Amino acid sequence: MSPRRIGRRFATLVAGAATALSLGLANPAPAAADVVVNATVCYNTSQAGPYAGIADQAASIWNAYTNNLNMSKCGSNLMIYYTTGGGSYAVRRSLGNGYVVIDTAQAQQYAPLRIMTHEIGHILGLPDNYNGQCHLLMSGGSAGTGCTNPYPYSTEAAQVDRNFGGFGAEGAQVFRDSWPALATIG
Ligand SMILES: [Zn+2]
C-alpha cells in the first residue's frame, strides 16, 4: 500500500472519529462504540407475589429502552416485595442494588406496571419528577390514576444509559413515593 493511500485512510479514520465525537455531543446517551458497558442488574421476584409477572414486564421494558443495562433473573441485587398500605417505595443501596415494595392498595388505583417500572427506575438511578406529565415515567402518581404509561421517556432512558455507562454518581437513597390515595367518599 502506498504512503499516499495510507494517508488517505488515516484521514478517513480521523473524519470518522470526528463524526462520532460530534454525534456523541449531540446525543446525551454515550455511543455504544465509545462505552462498552452492559451492566447486569439481577432481580428476584420470589417475594413479589402477584407482582412477579409485572416485574418481569418492567424488566423487559427497561431492557428494551436502554443499551447499557441488562436486567435478568440471575440473583438478588434487586428484590421485589409487596405490602398493603403505606405506599409503594424504592430503597436504593447503590446503583442497581436495593429493593422495591409495591403497595397493593396503590396498585388497585394506579396502573401496577407503571408503578413497577417507576420504582425500578429509582434503583436505576432516576429521581422523582412530579410534574404531572404522563409521558414521563418518573412523574409517578402526579400524572393521576388515568395515566397508565409504563415506558420511560427518551430522556429518562438516556439518563439510565449514562448511569450504567459509567457516568452516574447515584448513591444510596430511599424514595418514599407519592402515588396519592384517592379521596374517600363520604
Ligand atoms: Zn418515585
# chains A, B, ... in the order shown; residues from 1 in each chain; ligands from 1

$ residues_around --residues "A:Leu113" --least-positions-apart "4" --cutoff "8 Å" --atoms "only C-alpha atoms" --output "NGL selection string"
:A and (54-55 or 57-58 or 117 or 148 or 150)

$ write_last_selection --atoms "N, CA, C and O atoms" --output "compact mmCIF listing (two decimals), in the first residue's frame"
# COMPACT_ATOMS: atom_id res chain seq x y z
N ILE A 54 -45.46 -8.81 36.62
CA ILE A 54 -45.37 -7.38 36.32
C ILE A 54 -43.92 -6.91 36.43
O ILE A 54 -43.46 -6.09 35.63
N ALA A 55 -43.19 -7.47 37.38
CA ALA A 55 -41.77 -7.14 37.48
C ALA A 55 -41.02 -7.61 36.24
O ALA A 55 -40.13 -6.90 35.74
N GLN A 57 -42.30 -7.88 33.26
CA GLN A 57 -42.65 -6.95 32.19
C GLN A 57 -41.85 -5.65 32.31
O GLN A 57 -41.37 -5.11 31.32
N ALA A 58 -41.73 -5.17 33.53
CA ALA A 58 -40.99 -3.92 33.76
C ALA A 58 -39.52 -4.10 33.38
O ALA A 58 -38.91 -3.22 32.76
N THR A 117 -42.38 -0.06 36.95
CA THR A 117 -41.29 0.50 36.12
C THR A 117 -40.71 1.75 36.77
O THR A 117 -39.51 1.98 36.72
N THR A 148 -51.50 5.53 32.55
CA THR A 148 -51.05 4.14 32.67
C THR A 148 -49.72 3.91 31.95
O THR A 148 -49.26 2.77 31.87
N PRO A 150 -46.30 2.98 31.07
CA PRO A 150 -45.26 2.28 31.83
C PRO A 150 -43.87 2.44 31.21
O PRO A 150 -42.93 1.76 31.62

$ residues_near_ligand --ligand "ligand 1" --cutoff "9 Å" --atoms "only C-alpha atoms and all ligand atoms" --output "count of residues only"
24

$ closest_residue --among "A:Ala158, A:Val174, A:Met116, A:Ala111" --to "A:Thr145" --atoms "only C-alpha atoms"
A:Ala111

$ residues_around --residues "A:Thr84" --least-positions-apart "6" --cutoff "10 Å" --atoms "only C-alpha atoms" --output "list in words"
Val101, Ile102, Asp103, Thr104, Ala105, Gln106 and Ala107 of chain A

$ atom_distance --atom1 "atom CA of A:Cys42" --atom2 "atom CA of A:Asn149"
24.2 Å

$ residues_around --residues "A:Leu136" --least-positions-apart "3" --cutoff "7 Å" --atoms "only C-alpha atoms" --output "PDB file with N, CA, C and O atoms, in the first residue's frame"
ATOM      1  N   GLN A 133     -46.756  15.123  34.156  1.00  0.00           N
ATOM      2  CA  GLN A 133     -46.717  14.766  32.729  1.00  0.00           C
ATOM      3  C   GLN A 133     -46.669  13.251  32.564  1.00  0.00           C
ATOM      4  O   GLN A 133     -45.710  12.597  32.973  1.00  0.00           O
ATOM      5  N   SER A 139     -42.751  10.921  36.699  1.00  0.00           N
ATOM      6  CA  SER A 139     -43.771  11.813  37.253  1.00  0.00           C
ATOM      7  C   SER A 139     -44.683  11.036  38.196  1.00  0.00           C
ATOM      8  O   SER A 139     -45.437  11.640  38.974  1.00  0.00           O
ATOM      9  N   PRO A 152     -40.369   4.463  29.969  1.00  0.00           N
ATOM     10  CA  PRO A 152     -39.534   5.638  30.231  1.00  0.00           C
ATOM     11  C   PRO A 152     -39.504   6.543  29.007  1.00  0.00           C
ATOM     12  O   PRO A 152     -39.491   6.056  27.867  1.00  0.00           O
ATOM     13  N   TYR A 153     -39.512   7.846  29.233  1.00  0.00           N
ATOM     14  CA  TYR A 153     -39.339   8.811  28.146  1.00  0.00           C
ATOM     15  C   TYR A 153     -37.876   8.740  27.690  1.00  0.00           C
ATOM     16  O   TYR A 153     -37.015   8.252  28.420  1.00  0.00           O
TER      17      TYR A 153
END

$ atom_distance --atom1 "atom CA of A:Gly53" --atom2 "atom CA of A:Gly87"
20.0 Å

$ residues_around --residues "A:Leu95" --least-positions-apart "4" --cutoff "9 Å" --atoms "only C-alpha atoms" --output "ChimeraX atom specification"
/A:122-125,163-164,168-172
